[in-house]
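Enquirer: Below is the structure I would like to discuss, written out as structure tokens.
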Amino acid sequence: MTDHQGFAHKMFLTLEPVIRRVSRKPVLVLVCASVLAIAGAFGSSKLTIDTDFANLIPESYKSVQALEKLRASVGSESEAAIAIVSPSFEDNTRFADAVIDRIPDFVQENGEQFITRVDYRRDTAFLENNALYFATPEEIDRVETELTDRIEEAKLEANPFYFDLDEEDDDDEDSESEEEDLEAVYDRIVGKEYPISDDSTTLVLRLYPSGSQTNLGFITALYDGLDALVEEIDPVSYNPDMEIVIAGRLLRQKVEVEAIRSDIAGSFGVGILAVLFLVTFYFAYKSYTARVGWRFDARILVSEVARMPFMALLIGVPLIMSLCWTFGSTYLIVGSLNLMTSTLGLVLFGLGIDYGIHFYARYSEERAQGESVEDATATTFISTGQAITVGALTTALALYTLTIADFKGFSEFGFIAGTGILFAVIAMLVVMPALISILERIGILNLERIGSAQMTRPSGRIPAARGVVVVSMLLVVGAIVFFPPQFEYRFGELEPEYVSYNEKNDVIRRVHSNGSRRNPAYIVLDTSDEAEAVVAALRTKIESDTLSPTISTIENLQERFPMHAGAIQQRLDRLAEIREILSDPILTADESHDIERLRKASSTTEALQLDQVPKFLRDQFTSRDGSLGNFVIIYPSVGLSDGRMSIAFSEDVGTVTTSDGQEYYAGSTSLVAADMLKLMQREAPFMVLITFAVVALLMWINFGSIKWGMLALVPLVVGVLWMILLMELFDLRFNFYNLIVLPAILGIGNDAGVHLVHRYREEGRGSITRVLRSTGEHIAMGSFTTTIGFAGPLLSFHPGLNSIGSLAVVGIMMTLLSTLVFLPALIQSLEQSGRNLLLARDSLSSGVS
């Protein structure tokens with residue numbers, strides 16, 4: 001007997017009087033546990049779900065700090081929208097005016113306004129005559145290039161010796177492209193006077209809120225307030241056919257988070273019922289066989305079925321208590337849940353039942369052998385209780401290693417799950433025995449043997465054991481070939497289709513298409529004087545990055561409206577150059593609509609004053625405190641729904657260094673998401689390695705032998721490799737949501753191997769088939785309930801949450817299959833080969849299940 005084994009065995013022998021006292025005074029134990037559960041439930045009721053994923057990475061990250069600065073200075077990056085639909089344009093504008101008149105009084109409970117600005121009417125008459133004065137240098141350059149191209153093309157076509165080798169269709173496409181480009185520049189600056197659809201039946205107000213687009217509480221209050229505001233104004237009083245559609249990108253955020261919450265709540269309820277149903281039947285089966293063995297007895301069968309509701313209480317009460325303790329502690333230490341840890345309720349319920357199954361199954365076997373309630377409880381505690389505790393401690397400590405991660409999706413998951421595991425095993429080793437004692441005393445639970453009923457255990461050998469080992473190892477080799485598994489970067493593949501939202505968004509798109517100017521990043525400045533240097537640094541970046549450009553355009557007020565004498569003169573000179581080009585005889589003869597508009601747009605010859613700048617344009621660059629022009633807007637040229645593009649955009653604009661060495665940091669939810677993705681990818685391999693190392697170390701400490709510890713680890717390693725193989729075969733990928741599953745499976749999946757090896761070590765050489773019949777049965781039930789706990793997200797229509805359930809189910813089932821198929825075959829093969837690894841029974845080794 002090793003020192004490690006001696007310590008564990010002595011510890012549980014020392015605790016034997018305690019568990020016997022629990023059996024003698026169960027009511028006192030339940031009262032104490034209930035008081036603690038009530039206190040925990042009180043704390044749990046105060047828990048909230050923090051949906052702001054910016055809080056999942058450390059506050060020290062520059063992207064997080066920049067985002068908070070952006071929210072404080074500018075407000076939300078996304079907008080709400082009100083679509084006003086009726087046959088009458090005049091009625092639509094009257095309703096829009098009524099909404100805008102009420103915006104100043106549309107405030108939150110703290111008195112702060114919901115809306116910082118509204119996009120509605122533009123002074124197009126003024127802009128038509130001064131449009132290019134408000135164009136950025138890039139837009140003016142684009143106009144100049146296209147005008148000179150037209151002149152050159154016309155000159156070539158006038159040359160009798162000119163012959164165009166290109167296809168005529170290509171010429172037509174180039175001409176249309178040029179016209180569309182000119183029109184896009186013009187429409188961006190001037191646009192329509194009112195944001196209306198082509199048939200003038202739909203008018204859209206875009207409202208830019210003051211709060212964060214990731215603060216669900218704010219978004220909910222905003223949309224509830226808008227609903228009330230519209231109802232108060234009464235659309236029908238303006239036009240009997242008027243319909244109001246409230247949508248916008250903020251609504252998408254609200255719909256998604258609410259759908260996730262609904263999925264979690266629904267899966268929790270269904271999952272708990274499924275787990276209790278399965279375990280109750282299993283407990284009834286164990287009670288029946290404990291009393292009469294394998295023979296049929298109708299009276300006993302009916303009595304066990306009648307006791308099934310009490311079996312649900314036997315397993316459910318300790319688990320509910322442990323959840324109350326867990327989430328009460330979470331409230332005290334963490335303060336809130338995030339979107340990842342909010343799913344842990346059902347997971348911990350499934351995991352905790354695992355310990356109850358092992359305890360009750362072994363207890364029923366001891367009672368079937370004729371032991372008293374107290375003796376059976378003590379025997380089960382010393383034997384199976386030790387294996388349960390070792391497995392739980394291994395799982396909990398493995399999960400606690402995640403707390404060192406910077407990514408709070410890992411660290412908070414590890415803390416809450418690890419704490420939940422410890423509370424669950426305490427509940428199953430203390431509260432459940434107390435409940436068993438009470439139920440046995442009052443006759444509701446009766447596991448006394450009737451007659452000579454004995455539980456016989458089959459003996460024999462596993463057929464084709466070596467063949468099983470060979471095939472299993474071939475599968476392992478296949479998994480190694482496909483390693484590492486693929487990662488899903490496309491965020492769009494993880495998002496569901498929200499039919500109701502899409503229908504509303506289609507109405508908004510009658511006026512505002514999604515376009516390419518989405519998901520901008522903002523650099524908030526202390527003063528507007530800093531803008532010029534920041535813009536210059538960004539332009540240098542654009543010019544130097546020709547291989548993988550991610551920046552489309554840069555905007556700030558100074559770009560649209562020159563404010564210094566040198567910049568003003570430069571703008572006027574550029575407009576003069578445009579007018580000079582337009583005076584070319586070729587363009588003078590051109591009476592097309594776009595050329596006529598450009599003549600008016602470039603007619604500015606004197607500097608404009610700030611108070612002449614249209615309000616809608618000033619509002620775009622006005623901070624919440626009224627500061628003007630103290631931020632720069634950067635639009636991406638790539639779709640940020642692909643995580644790789646989001647990371648590339650973050651690397652280009654996340655930190656901007658000016659020529660004098662000053663650093664500025666861009667803020668946006670997309671940049672935070674990119675940092676979060678990079679952090680997860682950087683920490684995940686480390687978390688996997690350290691989790692496995694902790695599990696391996698604890699196996700060695702527990703068994704006191706490297707060989708026995710390695711044997712217990714075999715099904716975990718093989719099961720994870722089989723999981724990776726199945727991921728490749730069925731195109732399952734790791735992603736932002738399910739990456740947490742891998743270290744969790746390493747922490748949880750070792751439990752099966754621990755129980756099987758412990759029991760085999762106690763029974764001795766040649767006992768593997770008997771161990772499979774008893775402990776293997778308990779392991780299978782425990783894994784099934786754990787699977788149900790993790791499988792709750794499988795019911796979700798959200799692809800991201802669904803992927804958590806899919807990967808967890810595959811991982812747990814593969815570790816179970818490896819434990820029940822590969823490990824027994826390996827043990828028998830080692831016995832047949834005469835190896836000294838597996839010798840005679842060690843009666844003083846750790847207990848079993």
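Chain labels A, B, ... are given in the sequence in which chains occur in the structure tokens; within each chain residues are numbered consecutively from 1, and ligands are likewise numbered from 1 in the order shown.
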Can you list, as a JSON list (two decimals) with C-alpha atoms, in the first residue's frame, every protein, DNA or RNA residue that comes within 8 Å of Ile49 of chain A when you count only C-alpha atoms, leaving out same-chain residues fewer than 6 positions away?

Expert:
```json
[["chain", "number", "residue", "atom", "x", "y", "z"],
["A", 336, "SER", "CA", -23.25, 37.95, -12.49],
["A", 337, "LEU", "CA", -23.40, 35.31, -15.21],
["A", 338, "ASN", "CA", -22.30, 35.72, -18.81],
["A", 339, "LEU", "CA", -23.78, 34.11, -21.90],
["A", 342, "SER", "CA", -25.69, 30.99, -18.07]]
```

Enquirer: For Thr819 of chain A, work out the shell of residues within 7 Å, counting only C-alpha atoms and skipping chain neighbours fewer than 3 positions away, then give it as a PyMOL selection string.

Expert: chain A and resi 715+752-753+815-816+822-823

Enquirer: Produce a table with one row for each residue of segment 456-534 of chain A that has an atom at most 7 Å from any atom of segment 660-670 of chain A, each row naming the nearest atom pair and its distance in Å at one decimal; use only C-alpha atoms; arrange rows by chain and rising residue number; format as a tab-separated table.

Expert:
```
residue	atom	partner	partner_atom	distance
A:Asn519	CA	A:Ser670	CA	7.0
A:Ala521	CA	A:Ser668	CA	5.0
A:Tyr522	CA	A:Gly667	CA	5.2
A:Ile523	CA	A:Ala666	CA	4.5
```

Enquirer: Go ahead and save the picked residues with all heavy atoms, as a PDB file, in the first residue's frame.

Expert:
```pdb
ATOM      1  N   ASN A 519     -20.336  48.600 -39.715  1.00  0.00           N
ATOM      2  CA  ASN A 519     -19.383  48.191 -38.673  1.00  0.00           C
ATOM      3  C   ASN A 519     -18.125  49.060 -38.631  1.00  0.00           C
ATOM      4  O   ASN A 519     -17.004  48.543 -38.638  1.00  0.00           O
ATOM      5  CB  ASN A 519     -18.984  46.730 -38.875  1.00  0.00           C
ATOM      6  CG  ASN A 519     -20.156  45.791 -38.864  1.00  0.00           C
ATOM      7  OD1 ASN A 519     -21.043  45.909 -38.025  1.00  0.00           O
ATOM      8  ND2 ASN A 519     -20.190  44.861 -39.804  1.00  0.00           N
ATOM      9  N   ALA A 521     -15.141  51.521 -37.156  1.00  0.00           N
ATOM     10  CA  ALA A 521     -14.404  51.711 -35.908  1.00  0.00           C
ATOM     11  C   ALA A 521     -14.231  53.205 -35.685  1.00  0.00           C
ATOM     12  O   ALA A 521     -14.186  53.983 -36.653  1.00  0.00           O
ATOM     13  CB  ALA A 521     -13.053  51.018 -35.977  1.00  0.00           C
ATOM     14  N   TYR A 522     -14.139  53.609 -34.429  1.00  0.00           N
ATOM     15  CA  TYR A 522     -14.028  55.031 -34.076  1.00  0.00           C
ATOM     16  C   TYR A 522     -12.752  55.252 -33.266  1.00  0.00           C
ATOM     17  O   TYR A 522     -12.429  54.451 -32.378  1.00  0.00           O
ATOM     18  CB  TYR A 522     -15.222  55.493 -33.230  1.00  0.00           C
ATOM     19  CG  TYR A 522     -16.551  55.519 -33.944  1.00  0.00           C
ATOM     20  CD1 TYR A 522     -17.233  54.338 -34.241  1.00  0.00           C
ATOM     21  CD2 TYR A 522     -17.149  56.724 -34.306  1.00  0.00           C
ATOM     22  CE1 TYR A 522     -18.465  54.354 -34.885  1.00  0.00           C
ATOM     23  CE2 TYR A 522     -18.380  56.754 -34.940  1.00  0.00           C
ATOM     24  CZ  TYR A 522     -19.029  55.563 -35.230  1.00  0.00           C
ATOM     25  OH  TYR A 522     -20.243  55.593 -35.866  1.00  0.00           O
ATOM     26  N   ILE A 523     -12.061  56.325 -33.577  1.00  0.00           N
ATOM     27  CA  ILE A 523     -10.967  56.781 -32.731  1.00  0.00           C
ATOM     28  C   ILE A 523     -11.405  58.090 -32.093  1.00  0.00           C
ATOM     29  O   ILE A 523     -11.603  59.092 -32.791  1.00  0.00           O
ATOM     30  CB  ILE A 523      -9.669  56.988 -33.531  1.00  0.00           C
ATOM     31  CG1 ILE A 523      -9.189  55.657 -34.116  1.00  0.00           C
ATOM     32  CG2 ILE A 523      -8.582  57.589 -32.640  1.00  0.00           C
ATOM     33  CD1 ILE A 523      -7.925  55.764 -34.938  1.00  0.00           C
TER      34      ILE A 523
END
```

Enquirer: Hey, which of A:Leu739, A:Ala533, A:Leu222, A:Leu30 ends up closest to Glu112 of chain A? Count only C-alpha atoms.

Expert: A:Leu222

Enquirer: Rounded to one decimal in Å, what is the spacing between atom CA of Ala184 of chain A and atom CA of Leu598 of chain A?

Expert: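 Computing it gives 12.5 Å between the two atoms.
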
Enquirer: Between A:Leu742, A:Ala125, A:Val270, A:Val107, which residue has the minimum interatomic distance to Leu689 of chain A, considering only C-alpha atoms?

Expert: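 For Leu689 of chain A, the nearest of the given residues is A:Leu742.
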